[in-house]
Amino acid sequence: MTEQYISGYLDAISRLKDMITPNMGGTNKFFSIPKENHHSLLDNLKNYLFKHREWYTKHHESLQEILNRMKLLEIENWKEDLQKLIVEWTCDDILKSISAHHGYSFSEYLIQFLLPELFKNQEVKVFKMIPDDVIWHWGDHVGEEYIFETADSIFMMHFGESS
């Protein structure tokens, strides 16, 4: 399992969402962020944003204000709780109403199979990134970000809509 495979899986979901909902143009993705172990997770994320400060100064009033508002909310039991948080982004309910419930929903397959395969034999902490009212340089007009941290890696899972 690779980061690119999971990102492709999420992108396919966003293309499906374009077809079956009025919300178009969003992009779901999964990507890594450089991790410096001598920094906290939050500082690693802030450093990553700071490297893209030119984008933020063009599109926002103040990068520093965004950095000051940043928080991480831990999802302690992510293998059980994350699915409920992302179900709106994966269209599970809409698809279930169309075709009943055959097999796994998109969110269930992601949480129960793909992510555990990627993080095999690693301890993983998962966080929801706040604020969720910022247009990030990787994202859309509306979105949610989830951070996955292991001993040596940081991954961002982005769900978004542009219209």
# chains A, B, ... in the order shown; residues from 1 in each chain; ligands from 1

$ closest_atom_pairs --of "segment 23-71 of chain A" --to "segment 126-136 of chain A" --cutoff "7 Å" --atoms "only C-alpha atoms" --output "JSON lines"
{"residue": "A:Arg69", "atom": "CA", "partner": "A:Pro131", "partner_atom": "CA", "distance": 6.5}
{"residue": "A:Met70", "atom": "CA", "partner": "A:Ile130", "partner_atom": "CA", "distance": 5.4}
{"residue": "A:Lys71", "atom": "CA", "partner": "A:Ile130", "partner_atom": "CA", "distance": 5.0}

$ write_last_selection --atoms "C-alpha atoms" --output "tab-separated table (two decimals), in the first residue's frame"
chain	number	residue	atom	x	y	z
A	69	ARG	CA	-5.51	29.73	15.25
A	70	MET	CA	-4.17	26.29	14.38
A	71	LYS	CA	-5.05	23.42	16.70

$ residues_around --residues "segment 87-97 of chain A" --least-positions-apart "2" --cutoff "12 Å" --atoms "only C-alpha atoms" --output "number ranges by chain"
A: 9-23, 26-29, 81-85, 99-111, 142-145, 157-161

$ select_by_dssp --residues "chain A" --states "strand (DSSP E or B)" --output "number ranges by chain"
A: 29-33, 71-74, 125-130, 142-149, 154-161

$ write_last_selection --atoms "N, CA and C atoms" --output "CSV table (one decimal), in the first residue's frame"
chain,number,residue,atom,x,y,z
A,29,LYS,N,-7.4,14.3,-1.2
A,29,LYS,CA,-6.0,13.8,-1.4
A,29,LYS,C,-5.4,13.3,-0.1
A,30,PHE,N,-4.3,12.6,-0.3
A,30,PHE,CA,-3.6,12.1,0.8
A,30,PHE,C,-2.1,12.3,0.5
A,31,PHE,N,-1.4,13.0,1.3
A,31,PHE,CA,0.0,13.3,1.0
A,31,PHE,C,0.8,13.4,2.3
A,32,SER,N,2.1,13.3,2.1
A,32,SER,CA,3.1,13.3,3.2
A,32,SER,C,3.6,14.8,3.4
A,33,ILE,N,3.9,15.0,4.6
A,33,ILE,CA,4.5,16.3,5.0
A,33,ILE,C,5.8,16.0,5.7
A,71,LYS,N,-5.0,24.4,15.6
A,71,LYS,CA,-5.1,23.4,16.7
A,71,LYS,C,-5.2,22.0,16.1
A,72,LEU,N,-4.9,21.1,16.9
A,72,LEU,CA,-5.1,19.7,16.5
A,72,LEU,C,-6.0,19.0,17.5
A,73,LEU,N,-7.1,18.4,17.1
A,73,LEU,CA,-8.0,17.7,18.0
A,73,LEU,C,-7.8,16.2,17.7
A,74,GLU,N,-7.3,15.5,18.8
A,74,GLU,CA,-7.0,14.1,18.6
A,74,GLU,C,-8.2,13.3,18.5
A,125,LYS,N,-1.3,8.0,15.4
A,125,LYS,CA,-2.2,9.0,16.0
A,125,LYS,C,-2.8,9.8,14.9
A,126,VAL,N,-4.1,10.1,15.1
A,126,VAL,CA,-4.9,10.8,14.1
A,126,VAL,C,-5.5,12.1,14.8
A,127,PHE,N,-5.5,13.2,14.0
A,127,PHE,CA,-6.0,14.5,14.5
A,127,PHE,C,-6.8,15.2,13.4
A,128,LYS,N,-7.8,15.9,13.8
A,128,LYS,CA,-8.5,16.8,12.9
A,128,LYS,C,-7.8,18.2,13.1
A,129,MET,N,-7.5,18.8,12.0
A,129,MET,CA,-6.8,20.1,12.0
A,129,MET,C,-7.8,21.2,12.0
A,130,ILE,N,-7.6,22.1,12.9
A,130,ILE,CA,-8.4,23.3,13.0
A,130,ILE,C,-7.5,24.5,12.7
A,142,VAL,N,-14.0,24.8,0.6
A,142,VAL,CA,-14.5,24.1,1.8
A,142,VAL,C,-13.8,22.8,2.0
A,143,GLY,N,-13.4,22.5,3.2
A,143,GLY,CA,-12.7,21.3,3.4
A,143,GLY,C,-12.5,20.9,4.8
A,144,GLU,N,-12.0,19.7,5.0
A,144,GLU,CA,-11.5,19.2,6.3
A,144,GLU,C,-10.2,18.5,6.1
A,145,GLU,N,-9.4,18.6,7.1
A,145,GLU,CA,-8.0,18.0,7.1
A,145,GLU,C,-7.9,17.1,8.3
A,146,TYR,N,-7.3,15.9,8.0
A,146,TYR,CA,-7.0,14.9,9.1
A,146,TYR,C,-5.6,14.6,9.0
A,147,ILE,N,-4.9,14.6,10.1
A,147,ILE,CA,-3.4,14.4,10.2
A,147,ILE,C,-3.2,13.0,10.8
A,148,PHE,N,-2.3,12.3,10.1
A,148,PHE,CA,-1.9,11.0,10.6
A,148,PHE,C,-0.4,11.1,11.0
A,149,GLU,N,-0.1,10.7,12.2
A,149,GLU,CA,1.3,10.8,12.6
A,149,GLU,C,1.8,9.4,13.1
A,154,ILE,N,4.4,12.0,8.7
A,154,ILE,CA,3.2,12.8,8.9
A,154,ILE,C,2.5,12.8,7.5
A,155,PHE,N,1.2,12.5,7.6
A,155,PHE,CA,0.4,12.4,6.4
A,155,PHE,C,-0.9,13.3,6.6
A,156,MET,N,-1.3,14.0,5.5
A,156,MET,CA,-2.5,14.8,5.5
A,156,MET,C,-3.5,14.2,4.6
A,157,MET,N,-4.7,14.0,5.2
A,157,MET,CA,-5.8,13.6,4.4
A,157,MET,C,-6.8,14.7,4.2
A,158,HIS,N,-7.0,15.2,3.0
A,158,HIS,CA,-7.8,16.4,2.7
A,158,HIS,C,-9.1,15.9,2.0
A,159,PHE,N,-10.2,16.4,2.5
A,159,PHE,CA,-11.5,16.3,1.8
A,159,PHE,C,-11.9,17.7,1.4
A,160,GLY,N,-12.4,17.9,0.2
A,160,GLY,CA,-12.8,19.3,-0.1
A,160,GLY,C,-13.8,19.4,-1.2
A,161,GLU,N,-14.4,20.6,-1.3
A,161,GLU,CA,-15.3,21.0,-2.3
A,161,GLU,C,-14.9,22.4,-2.7

$ atom_distance --atom1 "atom CA of Met1 of chain A" --atom2 "atom CA of Trp78 of chain A"
19.0 Å
